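Written below as structure tokens is the structure these notes are about.
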Amino acid sequence: MCENCVKSDLSLLEPVFREFEGDEHALVSILQKAQEVYGYLPIDAVYRIAENQKVSPAKVLGVATFYSQFRLQPVGKNLILLCKGTACHVNGADTIAKAIKEELGIGDGETTADGVFSLKEVACLGCCSLSPVMMVNETAYGSLTPAKAKAILRGIRDEGK
Ligand code: FES
């Protein structure tokens, strides 16, 4: 094992394996449960799941990367969903993505080094009249400008959320 390898508590998977014992088609369900346990799918858990299901790690990784619900990286404390739907795109979603990059140094699918923010670009968030829109956790912020987006993120960081 290398020094930087993830070392998850793999015993947490045992109840999941017991729940789906003997079910060869349960890979997606097992991955869902594993993600509930760890918050994401650590690579050592992926290997353990492959071993348990008697399939290759490549197959498990293939499934995990095929479905957008699965995350192979830990998610930050605050999840930013940046809408890239048509209305938001037309109204400057790209400039908001650029502002987030400038403020936090992260792009789509990335997490800040301090684990405070993760960014995920998504399709329509369902409030197009407020475009461009981003959500941070449960709160939607609309009619964004680059400066407004930066100020919102700074505010969240300053509040220590
Ligand atoms: S396109 Fe962004 S909220 Fe609908």
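Ordering of the structure tokens sets the chain letters (A, B, ...), residue numbers begin anew at 1 in every chain, and ligands are numbered from 1 in the order given.
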
- prompt: Can you tell me which residues sit at most 7 Å away from ligand 1, counting only C-alpha atoms and all ligand atoms, written as a PyMOL selection string?
  reply: chain A and resi 83-89+123-128+130-133

Store the residues of this selection in a file with N, CA and C atoms, as a JSON list (two decimals), in the first residue's frame.
```json
[["chain", "number", "residue", "atom", "x", "y", "z"],
["A", 83, "CYS", "N", -25.94, 25.63, -12.70],
["A", 83, "CYS", "CA", -26.80, 25.26, -13.83],
["A", 83, "CYS", "C", -26.15, 25.63, -15.15],
["A", 84, "LYS", "N", -26.11, 24.65, -16.04],
["A", 84, "LYS", "CA", -25.61, 24.89, -17.40],
["A", 84, "LYS", "C", -26.73, 24.62, -18.41],
["A", 85, "GLY", "N", -27.98, 24.68, -17.93],
["A", 85, "GLY", "CA", -29.12, 24.51, -18.82],
["A", 85, "GLY", "C", -29.19, 25.65, -19.83],
["A", 86, "THR", "N", -30.11, 25.54, -20.79],
["A", 86, "THR", "CA", -30.14, 26.50, -21.90],
["A", 86, "THR", "C", -30.31, 27.94, -21.43],
["A", 87, "ALA", "N", -31.31, 28.20, -20.59],
["A", 87, "ALA", "CA", -31.57, 29.58, -20.16],
["A", 87, "ALA", "C", -30.36, 30.15, -19.42],
["A", 88, "CYS", "N", -29.80, 29.34, -18.54],
["A", 88, "CYS", "CA", -28.64, 29.81, -17.78],
["A", 88, "CYS", "C", -27.43, 30.00, -18.69],
["A", 89, "HIS", "N", -27.30, 29.09, -19.65],
["A", 89, "HIS", "CA", -26.19, 29.21, -20.59],
["A", 89, "HIS", "C", -26.28, 30.52, -21.36],
["A", 123, "ALA", "N", -27.77, 20.16, -15.42],
["A", 123, "ALA", "CA", -28.74, 20.71, -16.36],
["A", 123, "ALA", "C", -29.78, 21.46, -15.53],
["A", 124, "CYS", "N", -30.79, 21.96, -16.17],
["A", 124, "CYS", "CA", -31.78, 22.88, -15.57],
["A", 124, "CYS", "C", -32.15, 22.57, -14.11],
["A", 125, "LEU", "N", -32.08, 23.59, -13.28],
["A", 125, "LEU", "CA", -32.44, 23.44, -11.86],
["A", 125, "LEU", "C", -33.92, 23.77, -11.63],
["A", 126, "GLY", "N", -34.61, 24.14, -12.70],
["A", 126, "GLY", "CA", -36.06, 24.36, -12.59],
["A", 126, "GLY", "C", -36.46, 25.76, -12.19],
["A", 127, "CYS", "N", -35.53, 26.70, -12.20],
["A", 127, "CYS", "CA", -35.91, 28.10, -11.91],
["A", 127, "CYS", "C", -35.28, 29.01, -12.96],
["A", 128, "CYS", "N", -35.61, 28.71, -14.22],
["A", 128, "CYS", "CA", -34.98, 29.39, -15.36],
["A", 128, "CYS", "C", -35.22, 30.89, -15.37],
["A", 130, "LEU", "N", -34.89, 32.83, -13.14],
["A", 130, "LEU", "CA", -33.86, 33.47, -12.30],
["A", 130, "LEU", "C", -32.46, 33.29, -12.88],
["A", 131, "SER", "N", -32.38, 32.79, -14.10],
["A", 131, "SER", "CA", -31.06, 32.45, -14.65],
["A", 131, "SER", "C", -30.14, 33.68, -14.78],
["A", 132, "PRO", "N", -28.85, 33.50, -14.64],
["A", 132, "PRO", "CA", -28.19, 32.24, -14.31],
["A", 132, "PRO", "C", -28.29, 31.90, -12.81],
["A", 133, "VAL", "N", -28.35, 30.59, -12.56],
["A", 133, "VAL", "CA", -28.64, 30.12, -11.21],
["A", 133, "VAL", "C", -27.57, 29.13, -10.73]]
```

- request: List every residue of chain A that DSSP, applied to the backbone of this structure, assigns to helix (DSSP H, G or I), and report them as number ranges by chain.
  value: A: 10-19, 27-38, 43-53, 57-66, 86-90, 93-104, 128-130, 146-158

- request: Give me the residues within 10 Å of A:Leu82 as an NGL selection string, counting only C-alpha atoms and dropping any in the same chain fewer than 6 places off.
  value: :A and (88 or 93-94 or 96-97 or 100 or 108 or 119-125 or 132-136 or 140-141)

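Comparing A:Leu31, A:Leu41, A:Ile106, A:Ala58 by their smallest distance to A:Ser118, the closest is A:Ile106 (using only C-alpha atoms).
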
field: Spatial neighbours of stretch 11-17 of chain A, 7 Å, only C-alpha atoms, chain gap at least 2 places, as a ChimeraX atom specification
entry: /A:9,19-21,30,33-34

Output for the residues just chosen: C-alpha atoms as a PDB file, in the first residue's frame:
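Just written: result_30.pdb:
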```pdb
ATOM      1  CA  ASP A   9     -12.854   1.153   7.057  1.00  0.00           C
ATOM      2  CA  GLU A  19     -27.995  -7.555   2.647  1.00  0.00           C
ATOM      3  CA  PHE A  20     -27.336  -8.475  -0.991  1.00  0.00           C
ATOM      4  CA  GLU A  21     -25.753 -11.884  -0.472  1.00  0.00           C
ATOM      5  CA  ILE A  30     -24.294  -2.156  -3.426  1.00  0.00           C
ATOM      6  CA  LYS A  33     -25.278   1.719  -0.215  1.00  0.00           C
ATOM      7  CA  ALA A  34     -21.492   2.057  -0.172  1.00  0.00           C
TER       8      ALA A  34
END
```
